[in-house]
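query-v3.txt follows (compact mmCIF, C-alpha atoms):
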```
# COMPACT_ATOMS: atom_id res chain seq x y z
CA MET A 25 72.89 -22.14 -45.84
CA ARG A 26 71.08 -24.81 -47.86
CA LEU A 27 71.41 -28.50 -47.03
CA ARG A 28 73.08 -29.31 -50.34
CA HIS A 29 75.80 -26.82 -49.40
CA ILE A 30 75.98 -28.29 -45.91
CA ALA A 31 76.44 -31.77 -47.35
CA LEU A 32 79.26 -30.65 -49.64
CA ALA A 33 81.13 -28.94 -46.84
CA ALA A 34 80.45 -31.74 -44.41
CA GLY A 35 82.09 -34.34 -46.61
CA MET A 36 85.43 -32.76 -45.72
CA VAL A 37 85.08 -32.57 -41.96
CA GLY A 38 82.25 -34.89 -40.82
CA VAL A 39 81.26 -32.80 -37.80
CA PHE A 40 80.98 -29.05 -37.40
CA CYS A 41 78.81 -26.27 -36.01
CA LEU A 42 76.10 -24.77 -38.23
CA PRO A 43 72.70 -23.15 -37.98
CA ALA A 44 69.70 -25.37 -38.64
CA HIS A 45 68.11 -25.66 -42.07
CA ALA A 46 67.22 -22.16 -43.19
CA ASP A 47 63.70 -23.10 -44.28
CA ALA A 48 62.67 -24.88 -41.07
CA ARG A 49 62.18 -23.94 -37.45
CA ASP A 50 65.24 -24.77 -35.35
CA ILE A 51 63.99 -27.45 -32.95
CA SER A 52 67.36 -28.36 -31.51
CA ARG A 53 66.87 -26.45 -28.24
CA ASP A 54 63.24 -27.45 -27.77
CA THR A 55 62.37 -29.07 -24.46
CA LEU A 56 59.48 -31.37 -23.62
CA PRO A 57 56.34 -29.29 -22.92
CA ALA A 58 54.84 -29.39 -19.44
CA ASN A 59 52.43 -32.27 -18.77
CA ASP A 60 53.42 -34.06 -21.98
CA GLY A 61 53.46 -37.57 -20.59
CA TRP A 62 55.61 -39.34 -18.06
CA ALA A 63 58.86 -37.73 -19.26
CA SER A 64 57.52 -34.36 -18.07
CA GLU A 65 57.39 -35.53 -14.45
CA GLY A 66 59.42 -33.50 -11.93
CA GLU A 67 62.00 -31.30 -13.64
CA GLY A 68 60.93 -32.58 -17.04
CA THR A 69 63.13 -33.48 -19.99
CA THR A 70 65.37 -30.83 -21.55
CA GLY A 71 67.99 -32.91 -23.37
CA GLY A 72 70.98 -30.91 -24.53
CA SER A 73 69.18 -27.55 -24.60
CA ALA A 74 71.79 -26.07 -22.21
CA ALA A 75 74.68 -26.96 -24.52
CA ASP A 76 77.23 -24.22 -25.20
CA ALA A 77 78.20 -23.35 -28.76
CA ALA A 78 81.22 -25.67 -28.67
CA HIS A 79 78.94 -28.66 -28.13
CA VAL A 80 76.45 -28.04 -30.94
CA TYR A 81 77.31 -30.25 -33.90
CA THR A 82 76.01 -31.00 -37.37
CA VAL A 83 77.15 -34.41 -38.57
CA THR A 84 76.99 -36.06 -41.96
CA ASP A 85 78.72 -39.40 -41.45
CA ARG A 86 79.31 -42.08 -38.83
CA ALA A 87 82.70 -40.74 -37.81
CA GLY A 88 81.25 -37.31 -37.11
CA LEU A 89 78.34 -38.78 -35.19
CA VAL A 90 80.65 -40.88 -33.02
CA ARG A 91 82.82 -37.87 -32.22
CA ALA A 92 79.79 -35.79 -31.31
CA LEU A 93 78.36 -38.53 -29.06
CA ASP A 94 81.66 -38.43 -27.16
CA GLY A 95 81.50 -41.98 -25.89
CA GLY A 96 78.14 -41.38 -24.23
CA SER A 97 79.40 -38.54 -22.04
CA ALA A 98 77.00 -36.50 -19.91
CA THR A 99 78.23 -33.17 -21.29
CA PRO A 100 75.21 -31.19 -22.58
CA LYS A 101 75.26 -31.53 -26.35
CA ILE A 102 73.08 -30.99 -29.41
CA ILE A 103 73.68 -33.24 -32.41
CA ARG A 104 72.03 -32.40 -35.73
CA ILE A 105 72.12 -35.14 -38.34
CA ALA A 106 72.15 -34.03 -41.99
CA GLY A 107 71.64 -36.30 -44.98
CA THR A 108 72.05 -40.07 -44.62
CA VAL A 109 74.43 -41.46 -42.02
CA ASP A 110 75.38 -45.11 -42.58
CA ALA A 111 76.53 -46.83 -39.39
CA ASN A 112 78.03 -49.72 -41.34
CA THR A 113 81.09 -47.79 -42.48
CA ASP A 114 84.78 -47.90 -41.65
CA ASP A 115 86.85 -44.98 -40.38
CA ASP A 116 87.34 -43.77 -43.95
CA GLY A 117 83.61 -43.73 -44.61
CA ASP A 118 83.60 -46.80 -46.85
CA HIS A 119 80.57 -49.08 -46.55
CA LEU A 120 80.96 -52.38 -44.72
CA ASP A 121 78.81 -55.41 -45.44
CA CYS A 122 78.41 -58.65 -43.51
CA ALA A 123 81.38 -60.28 -45.24
CA ASP A 124 83.62 -57.50 -43.93
CA TYR A 125 82.69 -58.34 -40.34
CA ALA A 126 82.94 -62.14 -40.64
CA THR A 127 86.03 -63.50 -38.90
CA ASP A 128 87.61 -66.65 -37.47
CA GLY A 129 86.18 -68.83 -40.23
CA TYR A 130 82.53 -67.96 -39.70
CA GLY A 131 80.21 -68.89 -42.56
CA LEU A 132 76.43 -69.11 -42.57
CA LYS A 133 76.43 -72.44 -44.42
CA LYS A 134 78.90 -73.87 -41.91
CA TYR A 135 76.87 -72.48 -39.01
CA LEU A 136 73.66 -74.04 -40.33
CA ALA A 137 75.37 -77.37 -40.84
CA ALA A 138 76.86 -77.32 -37.34
CA TYR A 139 73.62 -76.56 -35.48
CA ASP A 140 70.96 -78.28 -37.56
CA PRO A 141 68.48 -79.50 -34.92
CA ARG A 142 68.25 -82.87 -36.66
CA THR A 143 71.87 -83.57 -35.78
CA TRP A 144 72.79 -81.03 -33.09
CA GLY A 145 69.62 -81.45 -31.06
CA ALA A 146 68.21 -78.94 -28.57
CA ALA A 147 71.43 -77.89 -26.85
CA LYS A 148 72.58 -74.29 -26.94
CA PRO A 149 75.07 -73.74 -29.82
CA SER A 150 78.69 -74.05 -28.75
CA GLY A 151 82.00 -74.77 -30.38
CA PRO A 152 84.02 -73.21 -33.22
CA GLN A 153 81.22 -71.85 -35.39
CA GLU A 154 79.34 -70.28 -32.48
CA GLU A 155 82.58 -68.76 -31.22
CA ALA A 156 83.27 -67.41 -34.72
CA ARG A 157 79.74 -66.01 -34.88
CA GLN A 158 80.25 -64.21 -31.58
CA ALA A 159 83.58 -62.74 -32.72
CA SER A 160 82.02 -61.58 -35.99
CA ALA A 161 79.04 -60.08 -34.16
CA LYS A 162 81.40 -58.18 -31.88
CA LYS A 163 83.07 -56.57 -34.88
CA GLN A 164 79.73 -55.36 -36.22
CA ALA A 165 78.60 -54.14 -32.79
CA GLU A 166 81.67 -51.93 -32.58
CA ARG A 167 80.41 -50.06 -35.64
CA VAL A 168 76.63 -49.97 -35.28
CA GLU A 169 76.06 -49.56 -31.53
CA LEU A 170 75.97 -45.80 -30.91
CA LEU A 171 76.00 -44.85 -27.23
CA VAL A 172 73.87 -41.84 -26.25
CA GLY A 173 74.74 -40.19 -22.94
CA SER A 174 72.82 -37.95 -20.57
CA ASN A 175 71.85 -34.35 -21.42
CA THR A 176 71.82 -35.04 -25.15
CA THR A 177 69.52 -33.87 -27.92
CA ILE A 178 69.68 -35.62 -31.30
CA VAL A 179 67.62 -34.09 -34.10
CA GLY A 180 67.42 -34.76 -37.80
CA LEU A 181 67.59 -31.92 -40.27
CA GLN A 182 65.29 -32.07 -43.28
CA GLY A 183 65.23 -35.64 -44.64
CA ALA A 184 67.86 -36.98 -42.22
CA VAL A 185 68.33 -40.76 -42.07
CA LEU A 186 70.33 -42.98 -39.72
CA LYS A 187 70.76 -46.30 -41.53
CA GLY A 188 71.95 -49.53 -39.93
CA GLY A 189 72.65 -48.00 -36.52
CA SER A 190 71.32 -48.75 -33.07
CA LEU A 191 70.99 -45.66 -30.85
CA GLN A 192 71.51 -47.02 -27.34
CA VAL A 193 70.54 -44.86 -24.37
CA ARG A 194 72.22 -46.81 -21.55
CA ASN A 195 71.94 -45.74 -17.91
CA ALA A 196 71.47 -42.15 -18.99
CA THR A 197 69.02 -39.39 -18.12
CA ASN A 198 67.57 -36.37 -19.88
CA VAL A 199 67.70 -37.37 -23.56
CA ILE A 200 65.71 -36.11 -26.57
CA ILE A 201 65.59 -37.81 -30.00
CA ARG A 202 63.47 -36.08 -32.66
CA ASN A 203 62.73 -35.73 -36.36
CA LEU A 204 64.91 -38.62 -37.51
CA ASP A 205 64.30 -41.58 -39.84
CA LEU A 206 65.99 -44.62 -38.26
CA ARG A 207 65.98 -47.67 -40.48
CA ASP A 208 67.38 -51.14 -40.92
CA ALA A 209 69.30 -51.97 -37.73
CA TYR A 210 70.42 -55.13 -39.54
CA ASP A 211 72.10 -57.95 -37.63
CA CYS A 212 74.58 -59.84 -39.81
CA PHE A 213 74.95 -62.67 -37.30
CA PRO A 214 71.71 -63.88 -35.66
CA VAL A 215 72.08 -66.70 -33.15
CA TRP A 216 70.03 -69.90 -33.20
CA GLN A 217 68.16 -70.54 -29.95
CA PRO A 218 66.85 -74.12 -30.03
CA ASN A 219 64.51 -73.86 -27.03
CA THR A 220 62.76 -70.58 -27.79
CA GLY A 221 59.02 -70.90 -28.39
CA GLY A 222 59.12 -74.66 -28.45
CA LEU A 223 60.36 -74.87 -32.04
CA GLY A 224 63.44 -72.71 -31.64
CA ASP A 225 63.97 -69.30 -33.18
CA TRP A 226 66.57 -66.86 -34.44
CA LYS A 227 67.64 -64.13 -32.00
CA THR A 228 68.89 -60.79 -33.25
CA ALA A 229 70.87 -58.11 -31.45
CA TYR A 230 69.86 -54.58 -32.44
CA ASP A 231 66.94 -52.22 -31.86
CA ASN A 232 66.73 -49.00 -33.85
CA ILE A 233 66.48 -47.27 -30.46
CA TRP A 234 67.12 -49.02 -27.16
CA LEU A 235 66.49 -47.44 -23.77
CA THR A 236 68.06 -49.47 -20.96
CA GLY A 237 68.28 -48.26 -17.38
CA SER A 238 67.51 -44.71 -18.51
CA THR A 239 65.13 -42.01 -17.30
CA HIS A 240 63.54 -38.83 -18.63
CA VAL A 241 63.64 -39.62 -22.35
CA TRP A 242 61.51 -37.96 -25.04
CA VAL A 243 61.27 -39.62 -28.48
CA ASP A 244 59.25 -37.51 -30.89
CA HIS A 245 58.46 -37.42 -34.62
CA VAL A 246 60.78 -40.28 -35.50
CA THR A 247 60.17 -42.91 -38.16
CA LEU A 248 61.38 -46.43 -37.39
CA SER A 249 61.37 -49.31 -39.87
CA ASP A 250 63.36 -52.12 -41.49
CA LYS A 251 63.43 -50.23 -44.78
CA GLY A 252 66.15 -51.67 -46.99
CA HIS A 253 66.07 -55.26 -45.70
CA PRO A 254 62.55 -56.33 -44.61
CA ASP A 255 62.53 -59.55 -42.61
CA ALA A 256 59.69 -60.81 -44.79
CA ASP A 257 62.22 -61.15 -47.61
CA GLU A 258 64.64 -63.23 -45.55
CA PRO A 259 64.88 -67.00 -46.05
CA THR A 260 63.73 -69.73 -43.68
CA TYR A 261 66.28 -71.84 -41.82
CA PHE A 262 65.36 -74.64 -39.43
CA ALA A 263 61.71 -73.92 -40.35
CA ARG A 264 61.95 -70.43 -38.84
CA ASN A 265 62.24 -67.03 -40.51
CA TYR A 266 65.86 -65.89 -40.45
CA LEU A 267 65.16 -62.63 -38.63
CA ARG A 268 67.66 -59.77 -38.95
CA HIS A 269 65.96 -57.14 -36.77
CA ASP A 270 64.95 -56.99 -33.11
CA GLY A 271 62.75 -54.15 -31.81
CA LEU A 272 62.11 -50.74 -33.30
CA LEU A 273 62.08 -49.07 -29.88
CA ASP A 274 62.57 -51.18 -26.75
CA ILE A 275 62.34 -49.76 -23.21
CA THR A 276 63.86 -52.16 -20.70
CA ASN A 277 65.93 -52.76 -17.55
CA GLY A 278 64.22 -50.28 -15.26
CA SER A 279 63.97 -47.41 -17.72
CA ASP A 280 61.45 -44.86 -16.50
CA LEU A 281 59.67 -41.58 -17.28
CA VAL A 282 59.52 -41.85 -21.06
CA THR A 283 57.30 -40.08 -23.58
CA VAL A 284 57.03 -41.34 -27.17
CA SER A 285 54.96 -39.04 -29.36
CA TRP A 286 54.00 -38.40 -32.98
CA SER A 287 56.19 -41.21 -34.28
CA ARG A 288 55.73 -43.84 -36.99
CA PHE A 289 56.51 -47.53 -36.50
CA ALA A 290 56.31 -49.39 -39.80
CA ASP A 291 56.80 -52.70 -41.61
CA HIS A 292 58.24 -54.71 -38.75
CA ASP A 293 57.63 -57.76 -36.58
CA LYS A 294 58.19 -56.83 -32.91
CA ALA A 295 57.78 -53.06 -32.60
CA MET A 296 58.12 -52.17 -28.91
CA LEU A 297 58.88 -54.09 -25.74
CA ILE A 298 58.41 -52.33 -22.39
CA GLY A 299 60.01 -54.44 -19.68
CA ASN A 300 62.25 -57.35 -20.56
CA SER A 301 61.25 -60.39 -18.48
CA ASP A 302 58.63 -61.73 -16.08
CA THR A 303 61.27 -62.23 -13.40
CA ALA A 304 62.66 -58.66 -13.50
CA THR A 305 60.85 -57.64 -10.33
CA GLY A 306 63.22 -54.69 -9.91
CA ASP A 307 61.16 -53.04 -12.65
CA ARG A 308 58.26 -52.56 -10.25
CA GLY A 309 57.55 -48.87 -9.86
CA ARG A 310 59.47 -48.08 -13.06
CA LEU A 311 58.74 -48.40 -16.79
CA ARG A 312 56.33 -45.44 -16.65
CA VAL A 313 55.79 -44.63 -20.32
CA THR A 314 53.40 -42.44 -22.32
CA LEU A 315 52.65 -43.28 -25.96
CA HIS A 316 50.52 -40.75 -27.80
CA HIS A 317 49.79 -39.78 -31.40
CA ASN A 318 51.91 -42.58 -32.84
CA GLN A 319 51.16 -44.67 -35.92
CA PHE A 320 51.79 -48.43 -35.90
CA GLU A 321 51.60 -49.53 -39.51
CA SER A 322 52.06 -53.11 -40.77
CA VAL A 323 53.44 -54.19 -37.39
CA VAL A 324 53.01 -57.86 -36.49
CA GLN A 325 53.12 -57.59 -32.69
CA ARG A 326 54.32 -55.64 -29.61
CA ALA A 327 52.66 -52.28 -30.16
CA PRO A 328 53.54 -52.38 -27.31
CA ARG A 329 53.99 -55.47 -25.12
CA VAL A 330 54.23 -54.41 -21.47
CA ARG A 331 55.53 -55.93 -18.27
CA PHE A 332 55.26 -54.13 -14.90
CA GLY A 333 54.99 -50.62 -16.35
CA GLN A 334 52.30 -47.98 -15.96
CA VAL A 335 51.74 -47.16 -19.63
CA HIS A 336 49.40 -44.44 -20.87
CA LEU A 337 48.40 -45.21 -24.43
CA TYR A 338 46.22 -42.56 -26.03
CA ASN A 339 45.32 -41.14 -29.44
CA ASN A 340 47.37 -43.68 -31.38
CA ARG A 341 46.58 -45.04 -34.84
CA TYR A 342 46.98 -48.70 -35.82
CA ILE A 343 46.94 -50.04 -39.37
CA ALA A 344 47.25 -53.83 -39.56
CA ARG A 345 47.94 -55.24 -43.01
CA ASN A 346 50.12 -58.26 -42.26
CA ASP A 347 49.04 -61.77 -43.20
CA ASP A 348 51.00 -62.94 -40.15
CA TYR A 349 49.54 -60.33 -37.78
CA ARG A 350 49.47 -61.57 -34.16
CA TYR A 351 48.26 -58.77 -31.87
CA SER A 352 48.77 -55.09 -31.01
CA LEU A 353 48.50 -54.72 -27.23
CA GLY A 354 50.44 -57.26 -25.17
CA ILE A 355 49.34 -57.41 -21.54
CA SER A 356 51.98 -59.22 -19.48
CA THR A 357 53.08 -59.68 -15.86
CA GLU A 358 51.95 -56.86 -13.55
CA SER A 359 51.41 -54.47 -16.47
CA ALA A 360 49.05 -51.52 -16.00
CA VAL A 361 48.04 -50.21 -19.42
CA HIS A 362 45.61 -47.29 -19.50
CA ALA A 363 44.40 -47.04 -23.13
CA GLU A 364 42.23 -44.16 -24.30
CA ASN A 365 40.80 -43.16 -27.66
CA ASN A 366 42.92 -45.25 -30.01
CA ALA A 367 41.87 -46.16 -33.56
CA PHE A 368 42.47 -49.50 -35.28
CA HIS A 369 42.18 -50.30 -38.98
CA THR A 370 42.33 -53.94 -40.09
CA PRO A 371 41.40 -56.12 -43.07
CA GLY A 372 38.55 -58.58 -42.77
CA HIS A 373 40.57 -61.52 -41.48
CA ILE A 374 41.69 -59.57 -38.38
CA GLU A 375 38.95 -59.16 -35.78
CA ALA A 376 38.68 -56.95 -32.71
CA ALA A 377 39.31 -60.04 -30.56
CA ASP A 378 42.78 -60.31 -32.12
CA LEU A 379 43.98 -56.88 -30.97
CA VAL A 380 44.79 -57.82 -27.34
CA LYS A 381 46.85 -60.76 -26.11
CA SER A 382 47.68 -61.55 -22.50
CA TRP A 383 50.54 -63.50 -20.92
CA ASN A 384 49.93 -63.63 -17.18
CA GLY A 385 48.37 -60.16 -17.32
CA SER A 386 45.61 -59.13 -14.94
CA ALA A 387 44.18 -55.77 -16.06
CA LEU A 388 43.55 -53.43 -18.98
CA HIS A 389 41.79 -50.08 -18.79
CA GLN A 390 40.37 -49.03 -22.17
CA THR A 391 37.89 -46.44 -23.30
CA GLY A 392 36.98 -44.74 -26.57
CA THR A 393 38.42 -47.40 -28.90
CA LEU A 394 37.47 -47.35 -32.58
CA PHE A 395 37.73 -50.52 -34.66
CA ASN A 396 37.31 -49.93 -38.40
CA GLY A 397 35.27 -46.86 -37.56
CA TYR A 398 33.01 -48.46 -34.95
CA PRO A 399 33.26 -48.09 -31.16
CA VAL A 400 34.26 -51.29 -29.35
CA ASP A 401 35.08 -52.38 -25.83
CA LEU A 402 38.38 -54.21 -26.16
CA LEU A 403 38.29 -55.46 -22.57
CA ALA A 404 34.85 -57.02 -22.91
CA ILE A 405 35.77 -58.55 -26.26
CA TYR A 406 39.01 -60.00 -24.91
CA ASN A 407 37.24 -61.58 -21.95
CA ALA A 408 34.45 -62.93 -24.16
CA TYR A 409 36.85 -64.60 -26.57
CA ASN A 410 39.58 -65.58 -24.10
CA SER A 411 40.23 -69.26 -24.72
CA GLY A 412 40.82 -69.91 -21.04
CA SER A 413 44.57 -70.22 -21.43
CA GLU A 414 44.80 -66.88 -19.60
CA ARG A 415 42.61 -65.40 -16.89
CA ASP A 416 40.11 -62.68 -17.72
CA LEU A 417 41.35 -59.11 -17.40
CA THR A 418 39.82 -56.54 -15.06
CA ALA A 419 39.48 -52.81 -15.77
CA ASP A 420 41.27 -51.74 -12.59
CA VAL A 421 44.90 -50.99 -13.45
CA GLY A 422 45.48 -49.19 -10.14
CA TRP A 423 46.27 -45.72 -11.44
CA THR A 424 44.86 -42.82 -13.44
CA PRO A 425 47.08 -40.74 -15.75
CA THR A 426 47.44 -37.05 -14.93
CA LEU A 427 50.43 -36.08 -17.08
CA HIS A 428 49.03 -35.68 -20.56
CA THR A 429 48.09 -33.13 -23.18
CA LYS A 430 44.58 -32.83 -24.58
CA ILE A 431 43.06 -36.22 -25.31
CA ASP A 432 41.04 -36.01 -28.53
CA SER A 433 38.42 -38.42 -29.72
CA ALA A 434 39.80 -41.48 -31.50
CA GLU A 435 38.20 -40.24 -34.72
CA ALA A 436 39.90 -36.83 -34.53
CA ALA A 437 43.24 -38.30 -33.47
CA ASP A 438 43.10 -40.81 -36.30
CA ARG A 439 43.08 -37.98 -38.83
CA GLN A 440 45.72 -35.95 -36.99
CA VAL A 441 48.16 -38.85 -36.71
CA ALA A 442 47.73 -39.80 -40.37
CA ARG A 443 48.85 -36.28 -41.31
CA GLY A 444 51.39 -35.54 -38.62
CA ALA A 445 53.22 -38.64 -37.32
CA GLY A 446 56.78 -39.42 -38.31
CA ALA A 447 60.01 -37.66 -39.23
CA GLY A 448 59.79 -34.46 -41.21
CA ARG A 449 56.34 -33.53 -39.91
CA ILE A 450 57.01 -31.29 -36.93
CA PRO A 451 54.75 -28.23 -37.25
```
The structure given in the file should be rewritten as structure tokens.
Amino acid sequence: MRLRHIALAAGMVGVFCLPAHADARDISRDTLPANDGWASEGEGTTGGSAADAAHVYTVTDRAGLVRALDGGSATPKIIRIAGTVDANTDDDGDHLDCADYATDGYGLKKYLAAYDPRTWGAAKPSGPQEEARQASAKKQAERVELLVGSNTTIVGLQGAVLKGGSLQVRNATNVIIRNLDLRDAYDCFPVWQPNTGGLGDWKTAYDNIWLTGSTHVWVDHVTLSDKGHPDADEPTYFARNYLRHDGLLDITNGSDLVTVSWSRFADHDKAMLIGNSDTATGDRGRLRVTLHHNQFESVVQRAPRVRFGQVHLYNNRYIARNDDYRYSLGISTESAVHAENNAFHTPGHIEAADLVKSWNGSALHQTGTLFNGYPVDLLAIYNAYNSGSERDLTADVGWTPTLHTKIDSAEAADRQVARGAGAGRIP
């Protein structure tokens, strides 16, 4: 059955059982291969591959996706997404915009007037407009936060898009997300935080994918971006960009045993945070993540930024084009990043010394790095150009990766990732 026929039929029911696209290999029962990163540890990651026929769904709208997710239940399930699913829709499938969520008298102009730092000062926002913002944000969260439970596989059929939604894997285990274009997890109601970064900043709520307290997760051949509403096009309020997006894929709150492979992170500010705070000492021994054969394209920072975790970063491709580029690898408290054979492409104003930034980090292992086609030692360069605001990094991260597939040269991986990373490119 062709997808155009699937889409026509699906408009009537929203969720149903169907075979995969006739022209493509059915990947919905695939499991993570042995030794493919941290998520292959122990019993590995199998997602919903054990699902019975009654729990295999093809969905074409938000309502169908919500029914298939079953409130984040642990029942083995396979969810195939067909076409474009818009999370900002009501129960009848009609699109909702920010005005539809606004309640209790909330208005951006009124919010800006209430909390202008010149009159409000540096106190945390409180009072009627902040309360109205919170109530409005809650209404949007009820639509766009999509809870993914244990033993679940979510795959996109040919050209599948999830727009405006935040897939949230909370306190779950054994989850697979593959072959899906996730875009524009747009927050209608950012909050002003006067004391962030010294000058204050806007805080947003949604990641395209958020792993929190979860283990054994495989994310593969996904594309994540702000496509539709890039933050660069947003206005400036209180001398700060009015951000609408948080992370593309954040891994926090003790999540563990995660593999992210062959995926594309594009056109975004903060791409990936691994570990959420310097004081979250319960993350010690967790946050073990493998990132391989991913492309980070026009990403400003956090590709990734790591706290506490043992992160194996190999055969990834970086393309920095942003005028406001900050860094790629963030080395933070007790992080242990083992980077091998990654390739970086930058314009002339971005130098190799800009690729690594440290906040209370102590170590970075790196080998085989290519910078604009030339081999470089990122560790030596960081230490040579470190301004003294942070201590020099050592090469001893305290561990050596053993769970990995073949590690190619950075030059070979660069070509492979350019051809093969992202949704719609599974061989």
Checklist entry - Taking (63.5, -52.4, -47.4) in the file's coordinates, which residues come within 12 Å, counting all atoms listed in the file, written as number ranges by chain? => result A: 187-188, 207-210, 248-258, 268-269, 290-292
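For Ser386 of chain A, the list of residues within 9 Å, based on only C-alpha atoms and with local chain neighbours fewer than 4 positions off taken out, reads Ile355, Ser356, Thr357, Glu358, Ser359, Ala360, Ser382, Arg415, Asp416, Leu417, Thr418, Ala419, Asp420 and Val421 of chain A.
Nearest residue to Val185 of chain A, choosing from A:Ala447, A:Ile51, A:Ala126, A:Asn366 and counting only C-alpha atoms: A:Ala447.
From atom CA of His245 of chain A back to atom CA of Gly96 of chain A, the distance works out to 22.6 Å.
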Checklist outcome for this item: Using only C-alpha atoms, the residue out of A:Ala161, A:Ala377, A:Val335, A:Leu204 with shortest distance to Thr424 of chain A is A:Val335
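Nearest to Ile275 of chain A of all the residues A:Thr314, A:Ser64, A:Asn384, A:Thr260 is A:Thr314, based on only C-alpha atoms.
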Checklist entry - Separation of atom CA of Ser174 of chain A and atom CA of Ser97 of chain A, in Å? => result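 Distance between the two atoms: 6.8 Å.
Those residues positioned at most 6 Å from (62.3, -54.2, -21.2) are A:Ile275, A:Thr276, A:Asn277, A:Leu297, A:Ile298, A:Gly299, A:Asn300, judged using all atoms listed in the file.
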Next on the checklist: Give me the residues near Leu272 of chain A as a PyMOL selection string, where near means some atom within 7 Å (using only C-alpha atoms) and where sequence neighbours in that chain fewer than 3 positions away do not count.
Outcome noted: chain A and resi 231-233+248-249+295-296
Item to check | Proximity to Asp438 of chain A - best of A:Trp226, A:Trp144, A:Tyr406, A:Phe368, only C-alpha atoms | outcome: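 The closest residue to Asp438 of chain A is A:Phe368.
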Checklist outcome for this item: Between atom CA of Phe289 of chain A and atom CA of Phe320 of chain A lies a distance of 4.8 Å
Checklist entry - Out of A:Ala87, A:Phe395, A:Thr177, A:Asn265, which residue has the shortest atom-to-atom distance to Asp118 of chain A when counting all atoms listed in the file? => result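 Among the listed residues, A:Ala87 lies closest to Asp118 of chain A.
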Next on the checklist: as a list in words, please: the residues near Val361 of chain A (cut-off 8 Å, only C-alpha atoms, same-chain neighbours under 3 positions excluded).
Outcome noted: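 The residues that qualify are Val330, Gly333, Gln334, Val335, His336, Leu337, Ile355, Ala387, Leu388, His389 and Val421 of chain A.
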Okay, now the selection with C-alpha atoms, as a PDB file, in the coordinates of the input?
```
ATOM      1  CA  VAL A 330      54.230 -54.410 -21.470  1.00  0.00           C
ATOM      2  CA  GLY A 333      54.990 -50.620 -16.350  1.00  0.00           C
ATOM      3  CA  GLN A 334      52.300 -47.980 -15.960  1.00  0.00           C
ATOM      4  CA  VAL A 335      51.740 -47.160 -19.630  1.00  0.00           C
ATOM      5  CA  HIS A 336      49.400 -44.440 -20.870  1.00  0.00           C
ATOM      6  CA  LEU A 337      48.400 -45.210 -24.430  1.00  0.00           C
ATOM      7  CA  ILE A 355      49.340 -57.410 -21.540  1.00  0.00           C
ATOM      8  CA  ALA A 387      44.180 -55.770 -16.060  1.00  0.00           C
ATOM      9  CA  LEU A 388      43.550 -53.430 -18.980  1.00  0.00           C
ATOM     10  CA  HIS A 389      41.790 -50.080 -18.790  1.00  0.00           C
ATOM     11  CA  VAL A 421      44.900 -50.990 -13.450  1.00  0.00           C
TER      12      VAL A 421
END
```
Item to check | Which of A:Ile343, A:Ala74, A:Val168, A:Val441 sits closest to Arg86 of chain A [using all atoms listed in the file] | outcome: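 Smallest separation from Arg86 of chain A among the options: A:Val168.
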Find the residues of segment 298-341 of chain A that sit at most 9 Å from segment 348-351 of chain A; for each, write down the nearest two atoms and how far apart they are in Å, to one decimal. Count only C-alpha atoms. Sort by chain, then by number going up, and give it as a tab-separated table.
```
residue	atom	partner	partner_atom	distance
A:Ser322	CA	A:Tyr349	CA	8.2
A:Val323	CA	A:Tyr349	CA	7.3
A:Val324	CA	A:Tyr349	CA	4.5
A:Gln325	CA	A:Tyr351	CA	5.1
A:Arg326	CA	A:Tyr351	CA	7.2
A:Ala327	CA	A:Tyr351	CA	8.0
```
Would you compute the box with edges along x, y and z of the file around segment 250-255 of chain A, including every atom the file lists for it and 3 Å extra on each side, and give its centre and edge lengths in Å to one decimal, as lines of an AutoDock Vina configuration file?
```
center_x = 64.3
center_y = -54.9
center_z = -44.2
size_x = 9.6
size_y = 15.3
size_z = 11.5
```
Contacts of Asp401 of chain A at 8 Å or less, counting only C-alpha atoms, minus same-chain residues fewer than 4 places along, as a short mmCIF file (atom, residue, chain, number, x, y, z; two decimals) with C-alpha atoms, in the coordinates of the input?
```cif
data_model
loop_
_atom_site.label_atom_id
_atom_site.label_comp_id
_atom_site.auth_asym_id
_atom_site.auth_seq_id
_atom_site.Cartn_x
_atom_site.Cartn_y
_atom_site.Cartn_z
CA GLN A 390 40.37 -49.03 -22.17
CA THR A 391 37.89 -46.44 -23.30
CA GLY A 392 36.98 -44.74 -26.57
CA THR A 393 38.42 -47.40 -28.90
CA ILE A 405 35.77 -58.55 -26.26
#
```
Next on the checklist: Show me, as a ChimeraX atom specification, the residues that have an atom within 12 Å of Tyr135 of chain A when counting all atoms listed in the file, minus same-chain residues fewer than 4 positions from it.
Outcome noted: /A:129-131,139-141,144,149-158,213-216,261-262
